[in-house]
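upload-v2.pdb (PDB, C-alpha atoms and all ligand atoms)
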```pdb
ATOM      1  CA  MET A  81       0.000   0.000   0.000
ATOM      2  CA  LYS A  82       1.303   3.458  -0.906
ATOM      3  CA  ILE A  83       0.452   6.486   1.238
ATOM      4  CA  PHE A  84       0.685   9.977  -0.240
ATOM      5  CA  VAL A  85       0.491  13.415   1.350
ATOM      6  CA  GLU A  86      -0.370  15.762  -1.497
ATOM      7  CA  LYS A  87       0.722  19.340  -2.057
ATOM      8  CA  MET A  88      -1.509  22.281  -1.113
ATOM      9  CA  MET A  89      -3.323  23.267  -4.250
ATOM     10  CA  ALA A  90      -3.681  26.907  -5.345
ATOM     11  CA  PRO A  91      -7.319  28.074  -5.418
ATOM     12  CA  HIS A  92      -9.176  28.036  -8.739
ATOM     13  CA  ASP A  93     -10.988  30.929 -10.407
ATOM     14  CA  SER A  94     -14.762  30.469 -10.031
ATOM     15  CA  ALA A  95     -15.165  31.265 -13.762
ATOM     16  CA  VAL A  96     -13.667  27.866 -14.571
ATOM     17  CA  TYR A  97     -16.804  26.174 -13.155
ATOM     18  CA  ALA A  98     -19.399  28.733 -14.313
ATOM     19  CA  SER A  99     -21.812  26.570 -16.316
ATOM     20  CA  GLU A 100     -24.629  27.120 -18.770
ATOM     21  CA  GLY A 101     -26.975  24.906 -16.723
ATOM     22  CA  VAL A 102     -27.292  21.427 -15.264
ATOM     23  CA  ALA A 103     -27.257  18.089 -17.090
ATOM     24  CA  GLY A 104     -30.477  16.118 -17.511
ATOM     25  CA  GLY A 105     -30.604  12.341 -17.215
ATOM     26  CA  VAL A 106     -32.689   9.177 -17.408
ATOM     27  CA  SER A 107     -34.309   7.419 -14.480
ATOM     28  CA  GLY A 108     -33.080   3.850 -13.931
ATOM     29  CA  TRP A 109     -31.247   1.390 -16.225
ATOM     30  CA  ASP A 110     -34.443   0.362 -18.039
ATOM     31  CA  ALA A 111     -34.676   3.903 -19.383
ATOM     32  CA  VAL A 112     -31.349   3.523 -21.205
ATOM     33  CA  ASP A 113     -32.891   2.939 -24.634
ATOM     34  CA  GLU A 114     -31.413   3.449 -28.109
ATOM     35  CA  ALA A 115     -32.014   7.205 -27.890
ATOM     36  CA  ALA A 116     -30.110   7.369 -24.583
ATOM     37  CA  VAL A 117     -27.196   5.397 -26.067
ATOM     38  CA  GLU A 118     -27.146   7.823 -29.010
ATOM     39  CA  ARG A 119     -27.105  10.711 -26.557
ATOM     40  CA  TYR A 120     -24.098   9.137 -24.811
ATOM     41  CA  GLU A 121     -22.311   8.943 -28.158
ATOM     42  CA  GLU A 122     -23.213  12.526 -29.028
ATOM     43  CA  ASP A 123     -22.615  14.195 -25.637
ATOM     44  CA  GLY A 124     -19.934  11.856 -24.265
ATOM     45  CA  PHE A 125     -21.883  11.276 -21.050
ATOM     46  CA  LEU A 126     -25.153   9.920 -19.690
ATOM     47  CA  LEU A 127     -26.570  10.512 -16.220
ATOM     48  CA  VAL A 128     -28.539   7.520 -14.891
ATOM     49  CA  ARG A 129     -30.555   8.417 -11.826
ATOM     50  CA  ASP A 130     -31.516   5.852  -9.136
ATOM     51  CA  ALA A 131     -28.964   3.500 -10.631
ATOM     52  CA  ILE A 132     -27.497   1.660  -7.610
ATOM     53  CA  PRO A 133     -29.866   0.292  -4.927
ATOM     54  CA  ARG A 134     -29.721   2.063  -1.597
ATOM     55  CA  GLU A 135     -28.575  -1.039   0.354
ATOM     56  CA  VAL A 136     -25.652  -1.562  -2.042
ATOM     57  CA  VAL A 137     -24.627   2.091  -1.625
ATOM     58  CA  GLU A 138     -24.970   1.920   2.150
ATOM     59  CA  ALA A 139     -22.767  -1.182   2.360
ATOM     60  CA  ALA A 140     -20.156   0.546   0.157
ATOM     61  CA  VAL A 141     -20.195   3.661   2.351
ATOM     62  CA  ALA A 142     -19.825   1.586   5.534
ATOM     63  CA  GLU A 143     -16.851  -0.233   3.991
ATOM     64  CA  LEU A 144     -15.144   3.033   3.068
ATOM     65  CA  GLN A 145     -15.812   4.377   6.550
ATOM     66  CA  GLY A 146     -14.011   1.336   7.960
ATOM     67  CA  MET A 147     -11.129   1.876   5.530
ATOM     68  CA  ARG A 148     -10.791   5.510   6.657
ATOM     69  CA  GLU A 149     -10.373   4.384  10.244
ATOM     70  CA  ALA A 150      -8.116   1.385   9.674
ATOM     71  CA  ASP A 151      -4.349   1.363  10.045
ATOM     72  CA  ASP A 152      -4.302  -0.919   7.034
ATOM     73  CA  PRO A 153      -7.226  -0.164   4.683
ATOM     74  CA  ASP A 154      -6.071  -3.050   2.443
ATOM     75  CA  CYS A 155      -5.919  -1.177  -0.836
ATOM     76  CA  GLN A 156      -3.201  -0.114  -3.279
ATOM     77  CA  GLY A 157      -3.030   3.566  -2.354
ATOM     78  CA  VAL A 158      -4.321   6.253   0.008
ATOM     79  CA  TYR A 159      -4.006   9.945  -0.823
ATOM     80  CA  PHE A 160      -4.403  12.781   1.663
ATOM     81  CA  GLU A 161      -5.425  16.367   0.989
ATOM     82  CA  GLY A 162      -2.596  18.906   1.108
ATOM     83  CA  LEU A 163      -4.592  20.442   3.985
ATOM     84  CA  ILE A 164      -3.191  17.682   6.225
ATOM     85  CA  ARG A 165       0.248  19.271   5.935
ATOM     86  CA  GLY A 166      -0.772  21.891   8.535
ATOM     87  CA  TRP A 167      -1.830  19.155  10.997
ATOM     88  CA  LEU A 168       1.438  17.353  10.478
ATOM     89  CA  GLY A 169       3.561  20.467  10.770
ATOM     90  CA  LEU A 170       4.927  19.763   7.303
ATOM     91  CA  SER A 171       6.292  22.588   5.223
ATOM     92  CA  SER A 172       4.575  23.405   1.957
ATOM     93  CA  PHE A 173       5.690  21.283  -0.916
ATOM     94  CA  ASP A 174       5.555  22.399  -4.521
ATOM     95  CA  PRO A 175       7.249  20.016  -6.906
ATOM     96  CA  ASP A 176       8.856  21.651  -9.888
ATOM     97  CA  LEU A 177       7.553  19.445 -12.688
ATOM     98  CA  PRO A 178       7.846  19.796 -16.458
ATOM     99  CA  ASP A 179       4.679  20.777 -18.388
ATOM    100  CA  THR A 180       4.537  17.183 -19.596
ATOM    101  CA  PRO A 181       5.172  14.990 -16.532
ATOM    102  CA  GLN A 182       5.446  11.227 -16.401
ATOM    103  CA  LEU A 183       2.703   9.193 -14.694
ATOM    104  CA  THR A 184       4.919   8.462 -11.698
ATOM    105  CA  GLN A 185       5.265  12.211 -11.062
ATOM    106  CA  LEU A 186       1.543  12.910 -11.059
ATOM    107  CA  ALA A 187       0.816  11.966  -7.456
ATOM    108  CA  MET A 188       2.469  15.329  -6.605
ATOM    109  CA  SER A 189       2.979  14.253  -3.065
ATOM    110  CA  GLU A 190       5.394  13.025  -0.460
ATOM    111  CA  ALA A 191       5.137   9.418   0.620
ATOM    112  CA  VAL A 192       4.531   8.383   4.235
ATOM    113  CA  ASP A 193       5.595   4.913   5.442
ATOM    114  CA  SER A 194       2.670   4.083   7.703
ATOM    115  CA  LEU A 195      -0.767   5.465   8.461
ATOM    116  CA  ALA A 196       0.014   5.217  12.167
ATOM    117  CA  GLU A 197       2.389   8.189  11.601
ATOM    118  CA  LEU A 198      -0.622  10.422  10.937
ATOM    119  CA  PRO A 199      -2.879  11.832  13.680
ATOM    120  CA  ARG A 200      -6.047   9.748  13.675
ATOM    121  CA  GLU A 201      -8.532  12.612  13.449
ATOM    122  CA  ALA A 202      -6.678  14.286  10.588
ATOM    123  CA  ARG A 203      -6.411  11.049   8.691
ATOM    124  CA  ILE A 204     -10.131  10.350   8.977
ATOM    125  CA  ASP A 205     -11.135  13.868   7.988
ATOM    126  CA  LEU A 206      -8.635  14.500   5.218
ATOM    127  CA  VAL A 207      -8.355  11.351   3.143
ATOM    128  CA  ARG A 208      -8.915  12.409  -0.485
ATOM    129  CA  LYS A 209      -8.713   9.170  -2.404
ATOM    130  CA  PHE A 210      -8.411   5.390  -2.051
ATOM    131  CA  MET A 211      -7.170   3.399  -5.048
ATOM    132  CA  GLY A 212      -7.324  -0.278  -5.888
ATOM    133  CA  PHE A 213      -9.727  -1.863  -3.361
ATOM    134  CA  VAL A 214     -12.226  -3.840  -5.403
ATOM    135  CA  VAL A 215     -10.402  -7.167  -5.093
ATOM    136  CA  THR A 216     -10.090  -6.870  -1.301
ATOM    137  CA  HIS A 217     -13.447  -5.265  -0.398
ATOM    138  CA  PRO A 218     -16.543  -7.172  -1.586
ATOM    139  CA  PRO A 219     -19.045  -4.372  -0.718
ATOM    140  CA  LEU A 220     -17.146  -2.083  -3.099
ATOM    141  CA  ALA A 221     -16.849  -4.835  -5.703
ATOM    142  CA  ALA A 222     -20.655  -5.109  -5.520
ATOM    143  CA  VAL A 223     -20.889  -1.599  -6.997
ATOM    144  CA  ALA A 224     -18.127  -2.073  -9.578
ATOM    145  CA  HIS A 225     -19.663  -5.348 -10.787
ATOM    146  CA  TYR A 226     -23.317  -4.329 -10.499
ATOM    147  CA  GLY A 227     -25.033  -6.286 -13.305
ATOM    148  CA  PRO A 228     -27.223  -3.549 -14.867
ATOM    149  CA  LEU A 229     -24.261  -1.142 -14.874
ATOM    150  CA  LEU A 230     -21.980  -3.661 -16.626
ATOM    151  CA  ARG A 231     -24.616  -4.668 -19.171
ATOM    152  CA  THR A 232     -25.308  -1.033 -20.033
ATOM    153  CA  ILE A 233     -21.691   0.011 -20.521
ATOM    154  CA  GLU A 234     -20.966  -3.096 -22.613
ATOM    155  CA  ARG A 235     -23.902  -2.152 -24.826
ATOM    156  CA  MET A 236     -22.503   1.357 -25.135
ATOM    157  CA  ALA A 237     -18.960   0.217 -25.873
ATOM    158  CA  GLY A 238     -20.175  -2.615 -28.135
ATOM    159  CA  THR A 239     -17.619  -5.010 -26.638
ATOM    160  CA  PRO A 240     -17.022  -6.993 -23.415
ATOM    161  CA  LEU A 241     -15.329  -4.803 -20.807
ATOM    162  CA  ARG A 242     -13.175  -5.295 -17.727
ATOM    163  CA  LEU A 243     -12.547  -3.058 -14.735
ATOM    164  CA  PHE A 244      -9.291  -1.194 -15.337
ATOM    165  CA  GLN A 245      -9.095   1.178 -12.365
ATOM    166  CA  ASP A 246     -11.102   1.747  -9.172
ATOM    167  CA  MET A 247     -10.930   4.833  -7.005
ATOM    168  CA  ALA A 248     -12.961   6.340  -4.172
ATOM    169  CA  MET A 249     -13.008  10.109  -4.541
ATOM    170  CA  ILE A 250     -13.579  11.651  -1.129
ATOM    171  CA  LYS A 251     -13.801  15.431  -1.132
ATOM    172  CA  PRO A 252     -13.781  16.712   2.461
ATOM    173  CA  PRO A 253     -14.805  20.271   3.393
ATOM    174  CA  GLU A 254     -12.340  22.577   1.545
ATOM    175  CA  GLY A 255     -11.150  19.465  -0.291
ATOM    176  CA  ARG A 256      -9.299  20.299  -3.423
ATOM    177  CA  GLU A 257     -10.396  20.857  -6.982
ATOM    178  CA  LYS A 258      -9.728  18.225  -9.626
ATOM    179  CA  PRO A 259      -9.022  20.585 -12.543
ATOM    180  CA  TRP A 260     -10.473  19.976 -16.027
ATOM    181  CA  HIS A 261      -8.857  17.015 -17.760
ATOM    182  CA  GLN A 262      -9.500  13.988 -19.957
ATOM    183  CA  ASP A 263      -9.058  10.682 -18.105
ATOM    184  CA  HIS A 264      -7.400   9.161 -21.183
ATOM    185  CA  ALA A 265      -4.509  11.617 -20.603
ATOM    186  CA  TYR A 266      -3.752   9.616 -17.425
ATOM    187  CA  PHE A 267      -3.786   6.192 -19.060
ATOM    188  CA  ASN A 268      -1.106   4.454 -21.092
ATOM    189  CA  LEU A 269      -3.709   3.102 -23.501
ATOM    190  CA  PRO A 270      -3.787   3.505 -27.297
ATOM    191  CA  LEU A 271      -5.883   6.545 -28.219
ATOM    192  CA  ASP A 272      -8.562   4.467 -29.942
ATOM    193  CA  THR A 273      -9.189   2.318 -26.823
ATOM    194  CA  PRO A 274     -12.786   2.953 -25.687
ATOM    195  CA  VAL A 275     -12.694   3.899 -21.998
ATOM    196  CA  VAL A 276     -15.982   4.156 -20.086
ATOM    197  CA  ALA A 277     -15.970   5.881 -16.693
ATOM    198  CA  ALA A 278     -18.713   5.365 -14.116
ATOM    199  CA  TRP A 279     -18.844   8.035 -11.398
ATOM    200  CA  VAL A 280     -21.110   6.749  -8.638
ATOM    201  CA  ALA A 281     -22.501   9.251  -6.106
ATOM    202  CA  LEU A 282     -22.182   7.842  -2.564
ATOM    203  CA  SER A 283     -23.463  11.126  -1.110
ATOM    204  CA  ASP A 284     -25.421  13.910  -2.766
ATOM    205  CA  ALA A 285     -23.091  15.822  -5.087
ATOM    206  CA  THR A 286     -23.958  19.503  -5.474
ATOM    207  CA  ILE A 287     -22.458  22.532  -7.173
ATOM    208  CA  GLU A 288     -21.413  23.745  -3.704
ATOM    209  CA  ASN A 289     -19.708  20.529  -2.539
ATOM    210  CA  GLY A 290     -17.852  19.840  -5.793
ATOM    211  CA  CYS A 291     -20.033  17.888  -8.206
ATOM    212  CA  MET A 292     -18.847  16.829 -11.639
ATOM    213  CA  HIS A 293     -18.757  19.395 -14.474
ATOM    214  CA  VAL A 294     -18.570  18.334 -18.135
ATOM    215  CA  MET A 295     -18.137  19.760 -21.657
ATOM    216  CA  PRO A 296     -20.943  18.184 -23.700
ATOM    217  CA  GLY A 297     -19.561  16.726 -26.960
ATOM    218  CA  GLY A 298     -15.985  17.599 -25.908
ATOM    219  CA  HIS A 299     -14.881  13.964 -26.370
ATOM    220  CA  ARG A 300     -15.416  14.224 -30.136
ATOM    221  CA  THR A 301     -12.696  16.826 -30.695
ATOM    222  CA  GLY A 302     -10.018  14.332 -29.668
ATOM    223  CA  PRO A 303      -7.124  14.685 -27.245
ATOM    224  CA  ARG A 304      -6.536  18.082 -25.575
ATOM    225  CA  ILE A 305      -3.106  19.329 -24.630
ATOM    226  CA  HIS A 306      -2.612  19.055 -20.869
ATOM    227  CA  PHE A 307      -0.237  21.266 -18.871
ATOM    228  CA  MET A 308       1.214  20.895 -15.405
ATOM    229  CA  ARG A 309      -0.472  23.763 -13.542
ATOM    230  CA  ARG A 310      -2.573  23.155 -10.405
ATOM    231  CA  ASP A 311      -2.574  19.527 -11.595
ATOM    232  CA  TRP A 312      -2.043  17.833 -15.001
ATOM    233  CA  GLN A 313      -4.899  19.656 -16.642
ATOM    234  CA  ILE A 314      -6.425  21.471 -19.593
ATOM    235  CA  CYS A 315      -5.516  25.165 -19.634
ATOM    236  CA  ASP A 316      -8.083  27.363 -17.791
ATOM    237  CA  THR A 317      -8.136  29.852 -20.675
ATOM    238  CA  ASP A 318      -9.208  27.041 -23.044
ATOM    239  CA  VAL A 319     -11.844  25.774 -20.572
ATOM    240  CA  VAL A 320     -13.650  29.116 -20.192
ATOM    241  CA  ARG A 321     -14.191  29.341 -23.956
ATOM    242  CA  GLU A 322     -16.236  26.110 -24.029
ATOM    243  CA  ARG A 323     -19.829  25.118 -23.248
ATOM    244  CA  ARG A 324     -20.017  23.539 -19.788
ATOM    245  CA  LEU A 325     -22.695  21.860 -17.662
ATOM    246  CA  ALA A 326     -22.751  21.021 -13.968
ATOM    247  CA  VAL A 327     -23.937  17.524 -13.014
ATOM    248  CA  PRO A 328     -25.552  17.604  -9.561
ATOM    249  CA  MET A 329     -26.383  14.039  -8.448
ATOM    250  CA  ALA A 330     -28.269  12.287  -5.653
ATOM    251  CA  VAL A 331     -26.958   9.262  -3.718
ATOM    252  CA  GLY A 332     -27.061   6.208  -5.995
ATOM    253  CA  ASP A 333     -27.010   8.141  -9.300
ATOM    254  CA  VAL A 334     -24.316   7.173 -11.812
ATOM    255  CA  LEU A 335     -22.661   9.391 -14.396
ATOM    256  CA  LEU A 336     -21.291   7.373 -17.310
ATOM    257  CA  PHE A 337     -18.752   9.198 -19.449
ATOM    258  CA  ASP A 338     -16.266   8.717 -22.238
ATOM    259  CA  GLY A 339     -12.563   8.635 -21.297
ATOM    260  CA  LYS A 340     -11.969  11.604 -23.644
ATOM    261  CA  LEU A 341     -14.713  13.810 -22.169
ATOM    262  CA  PRO A 342     -13.195  16.916 -20.535
ATOM    263  CA  HIS A 343     -14.445  17.155 -16.960
ATOM    264  CA  GLY A 344     -13.489  18.564 -13.571
ATOM    265  CA  THR A 345     -14.767  19.172 -10.041
ATOM    266  CA  PRO A 346     -14.385  22.376  -7.979
ATOM    267  CA  THR A 347     -13.347  22.755  -4.343
ATOM    268  CA  ASN A 348     -15.865  21.575  -1.723
ATOM    269  CA  ARG A 349     -17.233  24.794  -0.221
ATOM    270  CA  THR A 350     -19.533  23.090   2.320
ATOM    271  CA  GLU A 351     -19.083  21.576   5.764
ATOM    272  CA  GLN A 352     -20.005  18.090   4.519
ATOM    273  CA  GLN A 353     -17.936  15.378   2.863
ATOM    274  CA  ARG A 354     -18.674  14.586  -0.811
ATOM    275  CA  TRP A 355     -18.101  10.878  -1.564
ATOM    276  CA  ALA A 356     -18.059   9.024  -4.875
ATOM    277  CA  LEU A 357     -16.581   5.998  -6.588
ATOM    278  CA  GLN A 358     -14.909   6.447  -9.953
ATOM    279  CA  LEU A 359     -14.566   3.238 -11.937
ATOM    280  CA  HIS A 360     -12.941   2.868 -15.351
ATOM    281  CA  TYR A 361     -13.686   0.026 -17.750
ATOM    282  CA  ILE A 362     -11.834  -0.912 -20.942
ATOM    283  CA  PRO A 363     -12.242  -3.718 -23.526
ATOM    284  CA  ARG A 364     -11.151  -7.082 -22.132
ATOM    285  CA  ASP A 365      -8.458  -7.411 -24.783
ATOM    286  CA  ALA A 366      -7.095  -3.850 -24.416
ATOM    287  CA  ARG A 367      -3.398  -3.665 -23.518
ATOM    288  CA  GLU A 368      -1.355  -0.888 -21.968
ATOM    289  CA  VAL A 369       1.417   0.627 -24.076
ATOM    290  CA  ASP A 370       4.601   2.560 -23.482
ATOM    291  CA  GLU A 371       4.218   5.962 -21.805
ATOM    292  CA  GLY A 372       5.747   7.795 -24.799
ATOM    293  CA  LEU A 373       2.510   7.691 -26.790
ATOM    294  CA  ARG A 374       0.478   9.336 -24.003
ATOM    295  CA  LEU A 375       3.048  12.070 -23.494
ATOM    296  CA  GLU A 376       3.282  12.782 -27.231
ATOM    297  CA  THR A 377      -0.488  12.918 -27.595
ATOM    298  CA  PHE A 378      -1.582  14.830 -24.503
ATOM    299  CA  GLY A 379       1.604  16.695 -23.563
ATOM    300  CA  SER A 380       2.690  20.103 -24.797
ATOM    301  CA  GLU A 381       6.309  19.264 -25.574
ATOM    302  CA  GLY A 382       7.395  20.158 -29.085
ATOM    303  CA  LYS A 383       3.980  21.577 -29.977
ATOM    304  CA  ASP A 384       4.719  25.278 -29.622
ATOM    305  CA  VAL A 385       1.654  25.955 -27.472
ATOM    306  CA  SER A 386       1.468  27.667 -24.111
ATOM    307  CA  CYS A 387      -0.930  28.004 -21.213
TER     308      CYS A 387
HETATM  309  O1  LIG B 401     -14.396  13.000  -8.069
HETATM  310  C1  LIG B 401     -13.733  13.986  -8.321
HETATM  311  O2  LIG B 401     -13.704  14.977  -7.601
HETATM  312  C2  LIG B 401     -12.943  14.065  -9.601
HETATM  313  C3  LIG B 401     -12.604  12.736 -10.118
HETATM  314  C4  LIG B 401     -11.925  12.805 -11.447
HETATM  315  O3  LIG B 401     -12.372  13.422 -12.359
HETATM  316  C5  LIG B 401     -10.694  12.047 -11.626
HETATM  317  O4  LIG B 401     -10.014  11.720 -10.648
HETATM  318  O5  LIG B 401     -10.373  11.757 -12.784
END
```

Go ahead and express the file in the form of structure tokens.
Ligand SMILES: O=C(O)CCC(=O)C(=O)O
Amino acid sequence: MKIFVEKMMAPHDSAVYASEGVAGGVSGWDAVDEAAVERYEEDGFLLVRDAIPREVVEAAVAELQGMREADDPDCQGVYFEGLIRGWLGLSSFDPDLPDTPQLTQLAMSEAVDSLAELPREARIDLVRKFMGFVVTHPPLAAVAHYGPLLRTIERMAGTPLRLFQDMAMIKPPEGREKPWHQDHAYFNLPLDTPVVAAWVALSDATIENGCMHVMPGGHRTGPRIHFMRRDWQICDTDVVRERRLAVPMAVGDVLLFDGKLPHGTPTNRTEQQRWALQLHYIPRDAREVDEGLRLETFGSEGKDVSC
């Protein structure tokens, strides 16, 4: 298990998350008809309301609560908000990274050897992300392998899929922004690999607590250049020129989206935690490739562009 204490992130301009309105959706998996699949292809996302039964969500939340409190949460990685640095008396940390960083540099954090080194209260309140827990935590696997979800995304992708990455995205009060990006820019997968993301709301997600924001149709214009700014992200000045929607969600709703859809989430400005699972699925026969392709495609190097 890897433990990361992230950097403090600079605040974002509110204009970056000013949106034209909120996304609509369908109610339940049975409502995902041909028209809804076409909408997914056109817009790059589909919001399915009331998608995961309440008891499945509650079991997943209880499991994550246990993981937050455990000295060994039995997962591949735990990431803490930069806010924890104050609790730990750690100095600020601002890695000097190239505009086009390698995947190993993207954690932007300092590693800690053991969770027991961190004050208990801070660790419970300020965990930002768990990674890689589905194989060790059946209540979380129950969401990732939920039959109607899998059948729907396989219909959308037109091919059998497998789970590629599982993360719990926990945004505590004042928890940091995840700046606008395309998930494919974080994966060493050939550009034509269909990637389907499922973002599962484990608490209500609102504009105030940092819900998802998307650029409808933005997946169809291909890869965007990413720069190392607050994070590995699309340039703010490019974002504000585009059409954007906020996607408020209730507990148990699922947002399905294409791996090339630009999206981001603002800082949590409430007193409550915002919890979600983010699951990525790829074709069963898809294979990872050398990092060079990703950097050439999504990085700025040699392209004479600036941010
Ligand atoms: O859940 C969030 O706040 C953002 C998740 C996300 O977009 C990502 O990690 O790729």

Please, which residues have at least one atom within 8 Å of an atom of ligand LIG 401 (chain B), using all atoms listed in the file, listed as a VMD selection string? chain A and resid 247 to 251 257 to 263 279 290 to 292 343 to 346 355 to 358

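Evaluating the PyMOL selection byres (((chain A and resi 302-307) around 7) and not hetatm) against the shown model yields Asp179, Thr180, His299, Arg300, Thr301, Met308, Arg309, Trp312, Gln313, Ile314, Cys315, Lys340, Thr377, Phe378, Gly379 and Ser380 of chain A.
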
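Atom CA of His360 of chain A is positioned 21.0 Å from atom CA of Ala103 of chain A.
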
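With distances taken over all atoms listed in the file, A:Leu220 is the one residue among A:Leu325, A:Val106, A:Leu220, A:Met188 lying closest to Leu144 of chain A.
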
So the first atom is atom CA of Asp110 of chain A and the second is atom CA of Pro228 of chain A; what is the distance between them in Å, to one decimal place? 8.8 Å

Resolved residues for the PyMOL selection byres (((chain A and resi 271) around 10) and not hetatm) as an MDAnalysis selection string: chainID A and resid 264:265 267:270 272:275 302:303 339:340 373:374 377

Matched chain/residue IDs from the PyMOL selection byres (((chain A and resi 131) around 8) and not hetatm), as a list in words: Ser107, Gly108, Trp109, Val128, Arg129, Asp130, Ile132, Pro133, Leu229, Gly332, Asp333 and Val334 of chain A

Would you please work out which residue, of A:Val319, A:Ala285, A:Val276, A:Leu183, is nearest to Glu234 of chain A when using only C-alpha atoms? A:Val276

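Coordinates place atom CA of Asp205 of chain A at a distance of 8.7 Å from atom CA of Pro253 of chain A.
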
Name the residues in contact with Arg323 of chain A at a cut-off of 10 Å, using all atoms listed in the file, excluding same-chain residues fewer than 6 positions from it; report them as an mmCIF file with C-alpha atoms, keeping the file's coordinate frame.
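The new file selection.cif reads:
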```
data_model
loop_
_atom_site.group_PDB
_atom_site.id
_atom_site.type_symbol
_atom_site.label_atom_id
_atom_site.label_comp_id
_atom_site.auth_asym_id
_atom_site.auth_seq_id
_atom_site.Cartn_x
_atom_site.Cartn_y
_atom_site.Cartn_z
ATOM 1 C CA ALA A 98 -19.399 28.733 -14.313
ATOM 2 C CA SER A 99 -21.812 26.570 -16.316
ATOM 3 C CA GLU A 100 -24.629 27.120 -18.770
ATOM 4 C CA GLY A 101 -26.975 24.906 -16.723
ATOM 5 C CA VAL A 294 -18.570 18.334 -18.135
ATOM 6 C CA MET A 295 -18.137 19.760 -21.657
ATOM 7 C CA PRO A 296 -20.943 18.184 -23.700
ATOM 8 C CA GLY A 297 -19.561 16.726 -26.960
ATOM 9 C CA GLY A 298 -15.985 17.599 -25.908
#
```

As AutoDock Vina command-line options, what would the box around segment 308-327 of chain A look like: edges along x, y and z, 5 Å added on every side, centre and edge lengths in Å to one decimal?
```
--center_x -11.4 --center_y 23.7 --center_z -17.2 --size_x 35.2 --size_y 22.3 --size_z 23.6
```

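Distances to Glu138 of chain A were evaluated for A:Lys82, A:Val331, A:Asp284, A:Glu376 using all atoms listed in the file, and the minimum falls at A:Val331.
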
In the coordinate frame of the file, compute which residues have an atom within 10 Å of (-19.5, -1.8, 2.7) when using only C-alpha atoms, and state them as a PyMOL selection string. chain A and resi 135-147+217-223

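Closest approach to Gly238 of chain A from the set A:Asp174, A:Asp311, A:Glu121, A:Glu197 is made by A:Glu121, with distances taken over only C-alpha atoms.
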